[in-house]
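Undergrad: One file is attached below, work13.txt, containing compact mmCIF, C-alpha atoms.
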# COMPACT_ATOMS: atom_id res chain seq x y z
CA MET Y 1239 -21.21 20.96 -28.10
CA ALA Y 1240 -24.12 21.49 -25.74
CA ILE Y 1241 -23.46 20.90 -22.07
CA ARG Y 1242 -26.30 19.12 -20.31
CA SER Y 1243 -26.63 18.13 -16.67
CA ALA Y 1244 -26.25 14.50 -15.71
CA PRO Y 1245 -29.61 12.82 -15.03
CA SER Y 1246 -28.73 12.35 -11.38
CA GLU Y 1247 -25.67 13.43 -9.49
CA ALA Y 1248 -24.26 10.04 -8.52
CA ILE Y 1249 -21.15 11.42 -6.87
CA GLY Y 1250 -20.44 14.79 -5.25
CA PRO Y 1251 -17.38 16.90 -6.04
CA ARG Y 1252 -15.75 16.23 -2.68
CA ASP Y 1253 -16.11 12.46 -2.99
CA LEU Y 1254 -14.94 12.53 -6.62
CA ALA Y 1255 -11.88 14.59 -5.72
CA LEU Y 1256 -11.03 12.30 -2.79
CA CYS Y 1257 -11.50 9.23 -5.02
CA GLY Y 1258 -9.29 10.78 -7.69
CA VAL Y 1259 -6.45 11.82 -5.41
CA LEU Y 1260 -6.40 8.75 -3.15
CA GLY Y 1261 -7.00 6.44 -6.12
CA ALA Y 1262 -4.00 8.04 -7.82
CA MET Y 1263 -1.99 7.40 -4.66
CA GLY Y 1264 -3.10 3.78 -4.78
CA LEU Y 1265 -1.72 3.63 -8.29
CA LEU Y 1266 1.55 5.41 -7.57
CA LEU Y 1267 2.63 4.18 -4.13
CA PRO Y 1268 3.31 0.61 -5.36
CA LEU Y 1269 5.46 2.05 -8.16
CA VAL Y 1270 7.50 4.17 -5.75
CA GLY Y 1271 7.82 1.14 -3.50
CA HIS Y 1272 9.15 -0.98 -6.35
CA ALA Y 1273 11.54 1.79 -7.39
CA LEU Y 1274 12.90 1.93 -3.81
CA ARG Y 1275 13.70 -1.76 -3.94
CA SER Y 1276 10.35 -3.16 -3.18
CA TRP Y 1277 7.90 -3.17 -0.35
CA PRO Y 1278 5.12 -5.29 -1.85
CA LEU Y 1279 4.79 -7.04 1.50
CA LEU Y 1280 3.58 -3.72 2.95
CA MET Y 1281 0.59 -3.69 0.55
CA PRO Y 1282 1.02 -0.06 -0.53
CA MET Y 1283 -2.09 -0.08 -2.71
CA HIS Y 1284 -4.28 -0.88 0.29
CA LEU Y 1285 -3.09 2.11 2.38
CA PRO Y 1286 -4.72 5.00 0.46
CA LEU Y 1287 -7.75 2.99 -0.59
CA MET Y 1288 -8.60 1.97 2.98
CA THR Y 1289 -8.04 5.57 4.12
CA LEU Y 1290 -10.47 6.63 1.39
CA ALA Y 1291 -13.06 4.21 2.78
CA PHE Y 1292 -13.08 6.19 6.06
CA LEU Y 1293 -13.43 9.53 4.26
CA ALA Y 1294 -15.84 8.93 1.34
CA ARG Y 1295 -19.32 7.44 0.94
CA PRO Y 1296 -19.63 3.66 0.40
CA ILE Y 1297 -20.38 3.47 -3.35
CA PRO Y 1298 -17.64 5.88 -4.53
CA ALA Y 1299 -15.12 4.34 -2.11
CA ALA Y 1300 -15.92 0.78 -3.23
CA SER Y 1301 -15.92 1.76 -6.91
CA THR Y 1302 -12.50 3.37 -6.60
CA ALA Y 1303 -11.15 0.39 -4.69
CA ALA Y 1304 -12.44 -1.88 -7.45
CA VAL Y 1305 -11.08 0.22 -10.29
CA VAL Y 1306 -7.54 0.96 -9.05
CA PRO Y 1307 -6.06 -2.60 -9.10
CA LEU Y 1308 -7.49 -3.15 -12.58
CA MET Y 1309 -6.01 0.15 -13.79
CA SER Y 1310 -2.68 -0.67 -12.18
CA GLY Y 1311 -2.69 -4.10 -13.85
CA LEU Y 1312 -3.38 -2.49 -17.22
CA LEU Y 1313 -0.90 0.34 -16.78
CA THR Y 1314 2.04 -1.41 -15.17
CA GLY Y 1315 1.33 -5.13 -15.45
CA MET Y 1316 1.20 -5.37 -11.65
CA PRO Y 1317 -0.92 -6.90 -10.16
CA PRO Y 1318 -1.19 -9.29 -13.12
CA PHE Y 1319 -4.40 -10.30 -14.90
CA TYR Y 1320 -3.15 -13.87 -15.32
CA PRO Y 1321 -3.18 -15.39 -12.77
CA PRO Y 1322 -6.02 -12.94 -12.08
CA VAL Y 1323 -4.48 -11.31 -8.98
CA ALA Y 1324 -5.80 -7.93 -10.23
CA VAL Y 1325 -9.35 -9.31 -10.21
CA PHE Y 1326 -8.88 -10.90 -6.76
CA MET Y 1327 -7.56 -7.60 -5.39
CA CYS Y 1328 -10.44 -5.75 -7.05
CA ILE Y 1329 -12.96 -7.95 -5.21
CA GLU Y 1330 -11.02 -7.88 -1.93
CA LEU Y 1331 -10.48 -4.11 -1.88
CA ALA Y 1332 -14.04 -3.29 -3.00
CA THR Y 1333 -15.48 -5.53 -0.28
CA MET Y 1334 -13.24 -4.00 2.37
CA ALA Y 1335 -13.90 -0.40 1.28
CA LEU Y 1336 -17.65 -0.98 1.13
CA LEU Y 1337 -17.76 -2.55 4.60
CA ILE Y 1338 -15.53 0.07 6.25
CA SER Y 1339 -17.40 2.97 4.70
CA MET Y 1340 -20.84 1.54 5.51
CA ILE Y 1341 -19.91 0.89 9.14
CA TYR Y 1342 -18.08 4.18 9.66
CA ILE Y 1343 -20.72 6.37 8.02
CA HIS Y 1344 -23.33 5.03 10.48
CA LEU Y 1345 -21.12 5.57 13.51
CA PRO Y 1346 -22.12 8.63 15.59
CA ALA Y 1347 -19.44 11.37 15.52
CA ARG Y 1348 -18.63 11.00 19.23
CA ARG Y 1349 -17.86 7.28 18.74
CA ARG Y 1350 -15.38 7.87 15.91
CA THR Y 1351 -12.39 7.28 18.14
CA PRO Y 1352 -9.00 5.78 17.15
CA ILE Y 1353 -9.96 2.56 18.93
CA ALA Y 1354 -13.22 2.30 17.00
CA ARG Y 1355 -11.39 2.92 13.73
CA THR Y 1356 -8.77 0.29 14.60
CA LEU Y 1357 -11.45 -2.29 15.49
CA ILE Y 1358 -13.39 -1.65 12.29
CA LEU Y 1359 -10.23 -1.81 10.18
CA ALA Y 1360 -8.87 -4.96 11.83
CA SER Y 1361 -12.11 -6.89 11.54
CA VAL Y 1362 -12.74 -5.82 7.94
CA MET Y 1363 -9.13 -6.63 7.01
CA ALA Y 1364 -9.60 -10.14 8.38
CA ILE Y 1365 -12.69 -10.54 6.18
CA GLY Y 1366 -10.80 -9.10 3.17
CA ARG Y 1367 -7.89 -11.50 3.68
CA LEU Y 1368 -10.27 -14.46 3.91
CA VAL Y 1369 -11.96 -13.39 0.66
CA TYR Y 1370 -8.57 -13.03 -1.07
CA VAL Y 1371 -7.15 -16.32 0.17
CA GLY Y 1372 -10.41 -18.09 -0.77
CA LEU Y 1373 -10.21 -16.73 -4.31
CA VAL Y 1374 -6.53 -17.74 -4.64
CA TYR Y 1375 -7.34 -21.23 -3.35
CA GLY Y 1376 -10.26 -21.68 -5.76
CA PHE Y 1377 -8.35 -20.44 -8.78
CA SER Y 1378 -5.29 -22.56 -7.95
CA LEU Y 1379 -7.53 -25.63 -7.91
CA LEU Y 1380 -8.93 -24.57 -11.28
CA ILE Y 1381 -5.54 -24.27 -13.03
CA HIS Y 1382 -3.98 -27.24 -11.21
CA LEU Y 1383 -1.48 -25.29 -9.09
CA PRO Y 1384 -0.81 -26.52 -5.52
CA ALA Y 1385 -3.79 -24.74 -3.93
CA GLY Y 1386 -2.75 -25.10 -0.29
CA LEU Y 1387 0.73 -23.76 -0.94
CA THR Y 1388 -0.34 -20.74 -3.03
CA ALA Y 1389 -3.18 -19.85 -0.64
CA GLY Y 1390 -0.84 -20.23 2.34
CA LEU Y 1391 1.79 -18.00 0.75
CA SER Y 1392 -0.86 -15.36 -0.04
CA PHE Y 1393 -2.10 -15.51 3.55
CA LEU Y 1394 1.35 -15.14 5.10
CA SER Y 1395 2.66 -12.48 2.71
CA GLY Y 1396 -0.03 -9.99 3.72
CA TRP Y 1397 0.75 -9.70 7.43
CA PRO Y 1398 3.42 -6.93 7.43
CA GLY Y 1399 1.09 -4.76 5.35
CA MET Y 1400 -1.84 -5.45 7.67
CA VAL Y 1401 0.22 -4.40 10.70
CA LEU Y 1402 1.28 -1.21 8.90
CA MET Y 1403 -2.35 -0.43 8.03
CA ILE Y 1404 -3.56 -0.98 11.59
CA VAL Y 1405 -0.80 1.29 12.91
CA SER Y 1406 -1.08 4.08 10.35
CA ILE Y 1407 -4.60 4.38 8.92
CA PRO Y 1408 -6.60 5.13 12.12
CA ALA Y 1409 -4.01 7.76 13.08
CA VAL Y 1410 -3.98 9.33 9.63
CA VAL Y 1411 -7.79 9.42 9.44
CA GLY Y 1412 -7.81 11.10 12.87
CA ILE Y 1413 -5.27 13.70 11.74
CA ILE Y 1414 -7.26 14.40 8.57
CA GLU Y 1415 -10.59 14.67 10.39
CA ARG Y 1416 -9.13 17.04 12.98
CA ALA Y 1417 -7.35 19.11 10.38
CA ARG Y 1418 -10.25 19.35 7.95
CA GLY Y 1419 -11.97 22.09 9.92
CA ASN Y 1420 -8.80 24.17 10.05
CA TRP Y 1421 -7.90 23.85 6.39
CA ARG Y 1422 -10.32 26.45 5.11
CA GLY Y 1423 -8.16 29.53 4.79
CA ILE Y 1424 -4.93 27.94 6.07
CA GLU Y 1425 -2.53 26.61 3.48
CA PRO Y 1426 0.03 24.04 4.56
CA ASP Y 1427 3.46 24.47 3.04
CA ASP Y 1428 3.71 23.08 -0.46
CA GLY Y 1429 6.42 20.45 -0.35
CA PRO Y 1430 9.44 18.99 1.30
CA MET S 124 24.42 4.47 -2.62
CA GLY S 125 21.89 7.16 -3.46
CA PRO S 126 18.21 6.44 -3.89
CA LYS S 127 17.14 5.25 -7.32
CA LEU S 128 13.84 6.63 -8.47
CA PRO S 129 12.62 6.57 -12.06
CA HIS S 130 12.93 10.00 -13.65
CA ALA S 131 11.26 9.16 -16.95
CA PRO S 132 7.69 10.43 -16.97
CA LEU S 133 5.72 7.22 -16.51
CA TYR S 134 2.60 8.69 -17.98
CA GLY S 135 4.45 9.57 -21.16
CA MET S 136 3.22 6.17 -22.27
CA VAL S 137 -0.42 7.40 -22.38
CA GLY S 138 -1.13 8.24 -26.01
CA SER S 139 2.46 7.57 -27.13
CA GLY S 140 1.50 4.97 -29.75
CA LYS S 141 1.68 5.94 -33.40
CA GLY S 142 0.04 2.93 -35.04
CA LEU S 143 -2.93 2.47 -37.32
CA ALA S 144 -5.22 1.72 -34.37
CA ARG S 145 -5.33 5.46 -33.71
CA LEU S 146 -7.51 5.80 -36.81
CA LEU S 147 -10.28 3.90 -34.98
CA ALA S 148 -12.86 5.61 -32.79
CA PRO S 149 -11.76 5.67 -29.10
CA GLN S 150 -14.54 3.35 -27.94
CA VAL S 151 -13.69 0.88 -30.74
CA ARG S 152 -10.05 0.82 -29.62
CA ILE S 153 -11.23 -0.02 -26.09
CA TYR S 154 -13.57 -2.76 -27.34
CA VAL S 155 -10.92 -4.31 -29.63
CA ALA S 156 -8.35 -4.20 -26.82
CA ALA S 157 -10.82 -5.93 -24.48
CA MET S 158 -11.37 -8.64 -27.11
CA ALA S 159 -7.60 -9.09 -27.62
CA PHE S 160 -7.21 -9.33 -23.85
CA ALA S 161 -10.00 -11.91 -23.55
CA CYS S 162 -8.45 -13.83 -26.44
CA CYS S 163 -5.10 -14.08 -24.58
CA LEU S 164 -6.91 -15.34 -21.47
CA LEU S 165 -9.26 -17.81 -23.18
CA SER S 166 -7.10 -19.40 -25.86
CA PRO S 167 -5.74 -22.76 -24.63
CA SER S 168 -2.01 -22.38 -24.11
CA ASP S 169 -1.35 -26.13 -23.94
CA THR S 170 -1.96 -26.60 -27.68
CA LEU S 171 0.18 -25.29 -30.52
CA ALA S 172 -2.77 -23.55 -32.22
CA GLY S 173 -3.83 -21.86 -28.97
CA MET S 174 -0.30 -20.71 -28.23
CA ALA S 175 0.10 -19.36 -31.79
CA LEU S 176 -3.19 -17.47 -31.49
CA ILE S 177 -2.13 -15.82 -28.21
CA LEU S 178 1.20 -14.74 -29.68
CA ALA S 179 -0.37 -13.58 -32.97
CA VAL S 180 -3.07 -11.49 -31.27
CA ALA S 181 -0.60 -9.83 -28.88
CA THR S 182 1.86 -9.11 -31.71
CA LEU S 183 -0.78 -7.78 -34.12
CA TRP S 184 -2.34 -5.50 -31.49
CA THR S 185 1.10 -4.21 -30.52
CA PHE S 186 1.90 -3.41 -34.19
CA ALA S 187 -1.52 -1.81 -34.61
CA CYS S 188 -0.88 0.50 -31.65
CA LEU S 189 2.89 0.86 -32.19
CA PRO S 190 4.04 2.00 -28.72
CA PRO S 191 7.72 3.06 -28.39
CA VAL S 192 10.04 0.05 -28.86
CA GLY S 193 11.87 0.74 -25.58
CA LEU S 194 8.63 0.53 -23.62
CA VAL S 195 7.60 -2.76 -25.23
CA THR S 196 11.01 -4.28 -24.53
CA ALA S 197 10.96 -3.06 -20.93
CA TRP S 198 7.44 -4.42 -20.38
CA ALA S 199 8.32 -7.79 -21.92
CA VAL S 200 11.35 -8.08 -19.62
CA ILE S 201 9.30 -6.98 -16.59
CA GLY S 202 6.66 -9.56 -17.53
CA LEU S 203 9.22 -12.35 -17.74
CA ILE S 204 10.82 -11.32 -14.43
CA ALA S 205 7.44 -11.05 -12.71
CA PHE S 206 6.02 -14.33 -13.98
CA GLY S 207 9.25 -16.35 -14.22
CA PRO S 208 9.16 -17.35 -10.51
CA TYR S 209 5.99 -19.37 -11.19
CA LEU S 210 8.35 -22.00 -12.64
CA LEU S 211 9.45 -22.65 -9.04
CA LEU S 212 5.98 -24.08 -8.37
CA THR S 213 6.46 -26.80 -11.03
CA PRO S 214 7.80 -29.51 -8.66
CA PHE S 215 4.84 -28.97 -6.31
CA ILE S 216 2.17 -29.62 -8.96
CA PRO S 217 0.77 -33.03 -8.08
CA ASP S 218 0.71 -36.01 -10.47
CA ARG S 219 0.62 -34.38 -13.88
CA ALA S 220 2.76 -35.17 -16.90
CA ASP S 221 2.39 -31.63 -18.27
CA ARG S 222 3.60 -29.79 -15.14
CA VAL S 223 5.84 -27.41 -17.07
CA THR S 224 3.00 -26.56 -19.45
CA VAL S 225 0.91 -25.32 -16.52
CA THR S 226 3.55 -22.87 -15.32
CA ALA S 227 4.72 -21.95 -18.84
CA SER S 228 1.11 -21.09 -19.70
CA ILE S 229 1.03 -18.61 -16.78
CA ILE S 230 4.21 -16.94 -18.04
CA LEU S 231 2.93 -16.76 -21.64
CA ARG S 232 -0.54 -15.42 -20.76
CA GLY S 233 0.79 -13.02 -18.11
CA THR S 234 3.42 -11.49 -20.39
CA THR S 235 1.12 -11.17 -23.42
CA CYS S 236 -1.66 -9.61 -21.30
CA THR S 237 0.88 -7.08 -20.00
CA ILE S 238 1.95 -6.19 -23.55
CA VAL S 239 -1.67 -5.90 -24.74
CA GLY S 240 -2.39 -3.60 -21.76
CA LEU S 241 0.61 -1.40 -22.53
CA SER S 242 -0.33 -1.16 -26.21
CA THR S 243 -3.88 -0.14 -25.31
CA ILE S 244 -2.69 2.54 -22.91
CA SER S 245 -0.39 3.90 -25.61
CA CYS S 246 -3.05 4.18 -28.29
CA LEU S 247 -5.41 6.52 -26.39
CA ASP S 248 -4.56 9.95 -25.00
CA MET S 249 -6.27 11.30 -21.89
CA MET S 250 -9.21 12.98 -23.70
CA GLU S 251 -9.72 9.90 -25.89
CA TRP S 252 -9.90 7.75 -22.75
CA LEU S 253 -12.68 9.97 -21.39
CA ARG S 254 -14.59 10.00 -24.68
CA GLY S 255 -14.01 6.30 -25.29
CA LEU S 256 -15.04 5.18 -21.82
CA ALA S 257 -18.07 7.48 -21.85
CA SER S 258 -19.20 5.80 -25.09
CA THR S 259 -18.98 2.30 -23.62
CA CYS S 260 -21.59 0.67 -21.43
CA LEU S 261 -19.67 1.52 -18.23
CA PRO S 262 -21.66 3.51 -15.64
CA GLN S 263 -20.87 7.24 -15.51
CA LEU S 264 -19.65 6.89 -11.91
CA ALA S 265 -16.94 4.45 -12.99
CA VAL S 266 -15.95 6.60 -15.98
CA ARG S 267 -15.66 9.71 -13.78
CA ILE S 268 -13.55 7.84 -11.22
CA ILE S 269 -11.24 6.26 -13.83
CA THR S 270 -10.57 9.53 -15.64
CA GLN S 271 -10.16 11.42 -12.35
CA VAL S 272 -7.65 8.82 -11.10
CA MET S 273 -5.69 8.98 -14.38
CA GLN S 274 -5.57 12.77 -14.33
CA GLN S 275 -4.59 12.99 -10.66
CA SER S 276 -1.92 10.32 -11.16
CA CYS S 277 -0.14 12.50 -13.70
CA ARG S 278 -0.12 15.39 -11.21
CA LEU S 279 0.90 13.33 -8.21
CA TRP S 280 3.69 11.37 -9.90
CA GLU S 281 6.25 14.13 -9.64
CA GLN S 282 5.12 15.05 -6.13
CA THR S 283 5.38 11.44 -4.95
CA ARG S 284 8.88 11.13 -6.34
CA ARG S 285 9.91 14.38 -4.67
CA VAL S 286 8.51 13.45 -1.23
CA ALA S 287 9.97 9.91 -1.27
CA LEU S 288 13.36 11.25 -2.34
CA ALA S 289 13.28 13.89 0.41
CA ILE S 290 12.45 11.34 3.11
CA VAL S 291 15.23 9.00 1.96
CA VAL S 292 17.79 11.81 1.74
CA ARG S 293 16.83 13.39 5.07
CA THR S 294 16.89 10.11 6.96
CA GLY S 295 20.10 9.04 5.18
CA THR S 296 19.04 5.41 5.15
CA ALA S 297 19.59 2.51 2.75
CA GLY S 298 18.21 -1.00 2.14
CA TRP S 299 15.63 -2.21 4.63
CA SER S 300 16.05 0.81 6.89
CA LYS S 301 15.18 3.00 3.88
CA THR S 302 12.00 0.99 3.35
CA TRP S 303 11.16 1.24 7.04
CA SER S 304 11.81 4.96 7.15
CA LEU S 305 9.51 5.46 4.13
CA ALA S 306 6.84 3.22 5.60
CA LYS S 307 7.00 5.16 8.88
CA ASN S 308 7.12 8.69 7.51
CA LEU S 309 5.25 8.70 4.23
CA PRO S 310 1.73 8.10 5.60
CA VAL S 311 1.87 10.67 8.38
CA ALA S 312 3.94 13.30 6.54
CA TRP S 313 2.11 13.11 3.27
CA PHE S 314 -1.43 11.73 3.53
CA PRO S 315 -2.93 14.85 5.14
CA ARG S 316 -1.29 17.06 2.53
CA VAL S 317 -2.69 14.97 -0.31
CA VAL S 318 -6.17 14.96 1.20
CA TRP S 319 -5.98 18.71 1.63
CA SER S 320 -5.18 19.01 -2.07
CA ALA S 321 -8.26 16.85 -2.75
CA GLU S 322 -10.35 19.42 -0.86
CA ARG S 323 -8.95 22.12 -3.16
CA VAL S 324 -9.73 20.04 -6.26
CA ALA S 325 -13.28 19.49 -4.94
CA ALA S 326 -13.79 23.23 -4.50
CA VAL S 327 -12.62 23.87 -8.06
CA MET S 328 -14.88 21.14 -9.46
CA GLU S 329 -17.86 22.51 -7.57
CA VAL S 330 -17.25 26.00 -8.94
CA ARG S 331 -16.87 24.73 -12.52
CA GLY S 332 -19.81 22.34 -12.28
CA LEU S 333 -17.75 19.38 -13.48
CA CYS S 334 -19.76 16.85 -11.51
CA VAL S 335 -23.06 17.74 -13.17
CA LEU S 336 -21.74 17.45 -16.73
CA ASP S 337 -23.51 14.63 -18.56
CA LEU S 338 -20.70 12.52 -20.03
CA LYS S 339 -22.99 11.33 -22.83
CA THR S 340 -22.60 14.79 -24.38
CA LEU S 341 -18.94 13.93 -25.03
CA THR S 342 -19.71 10.80 -27.01
CA ASP S 343 -19.99 10.28 -30.74
CA GLY S 344 -21.80 7.08 -31.67
CA ARG S 345 -21.00 7.17 -35.42
CA LEU S 346 -18.70 4.41 -36.66
CA GLY S 347 -16.79 4.35 -39.94
CA LEU S 348 -15.74 1.45 -42.17
CA LEU S 349 -12.38 1.11 -40.39
CA ASP S 350 -14.15 0.85 -37.03
CA LEU S 351 -16.35 -1.94 -38.34
CA ILE S 352 -13.30 -3.77 -39.75
CA GLY S 353 -11.55 -3.41 -36.37
CA ILE S 354 -14.55 -4.81 -34.49
CA ALA S 355 -14.88 -7.67 -37.00
CA ALA S 356 -11.18 -8.56 -36.59
CA GLY S 357 -11.50 -8.50 -32.79
CA LEU S 358 -14.62 -10.68 -32.90
CA ALA S 359 -12.92 -13.13 -35.28
CA ALA S 360 -9.93 -13.50 -32.93
CA LEU S 361 -12.18 -13.91 -29.90
CA GLY S 362 -14.39 -16.41 -31.73
CA THR S 363 -11.34 -18.47 -32.70
CA ALA S 364 -10.11 -18.47 -29.10
CA VAL S 365 -13.52 -19.63 -27.83
CA LEU S 366 -13.64 -22.31 -30.55
CA LEU S 367 -10.15 -23.60 -29.67
CA HIS S 368 -11.12 -23.59 -25.99
CA VAL S 369 -14.26 -25.63 -26.67
CA ILE S 370 -12.76 -28.22 -29.04
CA ARG S 371 -9.63 -28.79 -26.93
Take the structure I supplied and represent it as structure tokens, if you would.
TA:
Amino acid sequence: MAIRSAPSEAIGPRDLALCGVLGAMGLLLPLVGHALRSWPLLMPMHLPLMTLAFLARPIPAASTAAVVPLMSGLLTGMPPFYPPVAVFMCIELATMALLISMIYIHLPARRRTPIARTLILASVMAIGRLVYVGLVYGFSLLIHLPAGLTAGLSFLSGWPGMVLMIVSIPAVVGIIERARGNWRGIEPDDGP
Amino acid sequence: MGPKLPHAPLYGMVGSGKGLARLLAPQVRIYVAAMAFACCLLSPSDTLAGMALILAVATLWTFACLPPVGLVTAWAVIGLIAFGPYLLLTPFIPDRADRVTVTASIILRGTTCTIVGLSTISCLDMMEWLRGLASTCLPQLAVRIITQVMQQSCRLWEQTRRVALAIVVRTGTAGWSKTWSLAKNLPVAWFPRVVWSAERVAAVMEVRGLCVLDLKTLTDGRLGLLDLIGIAAGLAALGTAVLLHVIR
């Protein structure tokens, strides 16, 4: 079989590797959470995907954020396709990843402080939550479920996860960005 | 009580099916699965014919793929547990005689979609996923990301289990404090390590030129008689679902 080059290199190796590894984390963390008697309130799928948004370019980050909930729904049944929570999460996560990555990529290096990251994340998360709750409300109306109740439950259930993201993601991104320069030639130990 | 983490290799389900569907071309399996999925979502579940169609399509596709019986049973139970709580919303549905039908329809569609998804995963191995997806109309970027995520998931699964177990054992916690200790430690202890491994993967991919490989070279557009029969069956089921939806 002849090997030809792709017409245009849509994604670089570093972005593809980051998307693969952090996307895989987005797929696996919810499973580990369920196995350890459940932390769905902490939104474990959002953690790696929002971290990815700070590290990769907008299109790969948004594509990964869109693909992972759908893959998880297909692979594990969670989030479900009916009611289409997987589709809602796909739209919510892709919107959030696209916005975070677009804002962060245009931020000068000296302004990439933990406070800036926290502000970007918090404001984008608010937009993401509004998108998600709006979709839940609209769909509930469509299938004759009590729209106010389901939308309200969706809105309230996300808060512990949002707090965890605001606390952890800016710090983790900072650690990764600082460490990245030192990694070449220095291997961290391989496991616990 | 010690921490309970699943030891069975989750991704053993990928390509574990032994049914007739494996005779179809990979892209045809993906298309037929998508049609079965759409059929379960579109068919009206408040009529007997619609309900029968949903059940028939899910059952036929499951037999065509033939995933391990244990997995199907587990997924059916998980589906019922996950979607069962929707029945609690029944009293809050305003002014409708068919309140139970609304929530029962969610349980039926949700569980059958889960089973169809599992069957599809089981009837394609990792290479067939890459070849099948590359032959569909999906953009190459999406195909690369999906296959990369699937491959990395297999590698990370064991590592994730090991790290979570270590944190739980070292902190000696249980219940909510176990969850809190994981939530507190996992991101900071593990994220940088995972991202560092991504840097290594990127270096390897750059050296091997994996990102410049045109995925279209992996595809084979030829379809046999069985493939055409499979597509025709999928279209017939989807057409019936649309028809039932329209004439309801």
Undergrad: Applying 10 Å and all atoms listed in the file, which residues near Met136 in chain S remain after dropping the ones on its own chain fewer than 6 positions away? List them as an MDAnalysis selection string.
TA: (chainID Y and resid 1313) or (chainID S and resid 190:191 194 241:248)
Undergrad: From the set Y:Ile1353, Y:Ile1358, Y:Leu1336, Y:Ile1381, which residue has the shortest atom-to-atom contact distance to chain S, counting all atoms listed in the file?
TA: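 Ranking Y:Ile1353, Y:Ile1358, Y:Leu1336, Y:Ile1381 by distance to chain S, first place goes to Y:Ile1381.
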Undergrad: Calculated over all atoms listed in the file, which of the candidates S:Gly255, S:Pro149, S:Glu329, S:Asp169 has the smallest distance to Thr226 in chain S?
TA: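 Checking each candidate against Thr226 in chain S, we get S:Asp169 as the closest.
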Undergrad: One decimal, Å: what's the distance from CA of Gly138 in chain S over to CA of Leu1265 in chain Y, could you say?
TA: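 Separation between CA of Gly138 in chain S and CA of Leu1265 in chain Y: 18.3 Å.
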Undergrad: Taking only C-alpha atoms into account, which of Y:Leu1312, Y:Leu1331, Y:Leu1269, Y:Ala1385 comes nearest chain S?
TA: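 Of the candidates, the smallest distance to chain S is held by Y:Leu1312.
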Undergrad: Mind checking which residues fall within 12 Å of Ala1294 in chain Y, counting all atoms listed in the file, ignoring those fewer than 2 positions away in the same chain, and posting them as an NGL selection string?
TA: (:Y and (1249-1261 or 1286-1292 or 1296-1303 or 1335-1336 or 1338-1343 or 1411 or 1415)) or (:S and (318 or 321))
Undergrad: Quick one: write out the picked residues with C-alpha atoms as a tab-separated table (two decimals), in the coordinates of the input?
TA:
chain	number	residue	atom	x	y	z
Y	1249	ILE	CA	-21.15	11.42	-6.87
Y	1250	GLY	CA	-20.44	14.79	-5.25
Y	1251	PRO	CA	-17.38	16.90	-6.04
Y	1252	ARG	CA	-15.75	16.23	-2.68
Y	1253	ASP	CA	-16.11	12.46	-2.99
Y	1254	LEU	CA	-14.94	12.53	-6.62
Y	1255	ALA	CA	-11.88	14.59	-5.72
Y	1256	LEU	CA	-11.03	12.30	-2.79
Y	1257	CYS	CA	-11.50	9.23	-5.02
Y	1258	GLY	CA	-9.29	10.78	-7.69
Y	1259	VAL	CA	-6.45	11.82	-5.41
Y	1260	LEU	CA	-6.40	8.75	-3.15
Y	1261	GLY	CA	-7.00	6.44	-6.12
Y	1286	PRO	CA	-4.72	5.00	0.46
Y	1287	LEU	CA	-7.75	2.99	-0.59
Y	1288	MET	CA	-8.60	1.97	2.98
Y	1289	THR	CA	-8.04	5.57	4.12
Y	1290	LEU	CA	-10.47	6.63	1.39
Y	1291	ALA	CA	-13.06	4.21	2.78
Y	1292	PHE	CA	-13.08	6.19	6.06
Y	1296	PRO	CA	-19.63	3.66	0.40
Y	1297	ILE	CA	-20.38	3.47	-3.35
Y	1298	PRO	CA	-17.64	5.88	-4.53
Y	1299	ALA	CA	-15.12	4.34	-2.11
Y	1300	ALA	CA	-15.92	0.78	-3.23
Y	1301	SER	CA	-15.92	1.76	-6.91
Y	1302	THR	CA	-12.50	3.37	-6.60
Y	1303	ALA	CA	-11.15	0.39	-4.69
Y	1335	ALA	CA	-13.90	-0.40	1.28
Y	1336	LEU	CA	-17.65	-0.98	1.13
Y	1338	ILE	CA	-15.53	0.07	6.25
Y	1339	SER	CA	-17.40	2.97	4.70
Y	1340	MET	CA	-20.84	1.54	5.51
Y	1341	ILE	CA	-19.91	0.89	9.14
Y	1342	TYR	CA	-18.08	4.18	9.66
Y	1343	ILE	CA	-20.72	6.37	8.02
Y	1411	VAL	CA	-7.79	9.42	9.44
Y	1415	GLU	CA	-10.59	14.67	10.39
S	318	VAL	CA	-6.17	14.96	1.20
S	321	ALA	CA	-8.26	16.85	-2.75
Undergrad: So the first atom is CA of Cys260 in chain S and the second is CA of Gln150 in chain S; what is the distance between them in Å, to one decimal place?
TA: 10.0 Å
Undergrad: Within 8 Å of Ala199 in chain S, counting all atoms listed in the file, which residues show up once you throw out same-chain ones fewer than 6 positions away? Write them as a PyMOL selection string, please.
TA: chain S and resi 234+237-238
Undergrad: CA of Ile1407 in chain Y and CA of Gly1264 in chain Y are how many Å apart?
TA: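 Straight-line distance from CA of Ile1407 in chain Y to CA of Gly1264 in chain Y works out to 13.8 Å.
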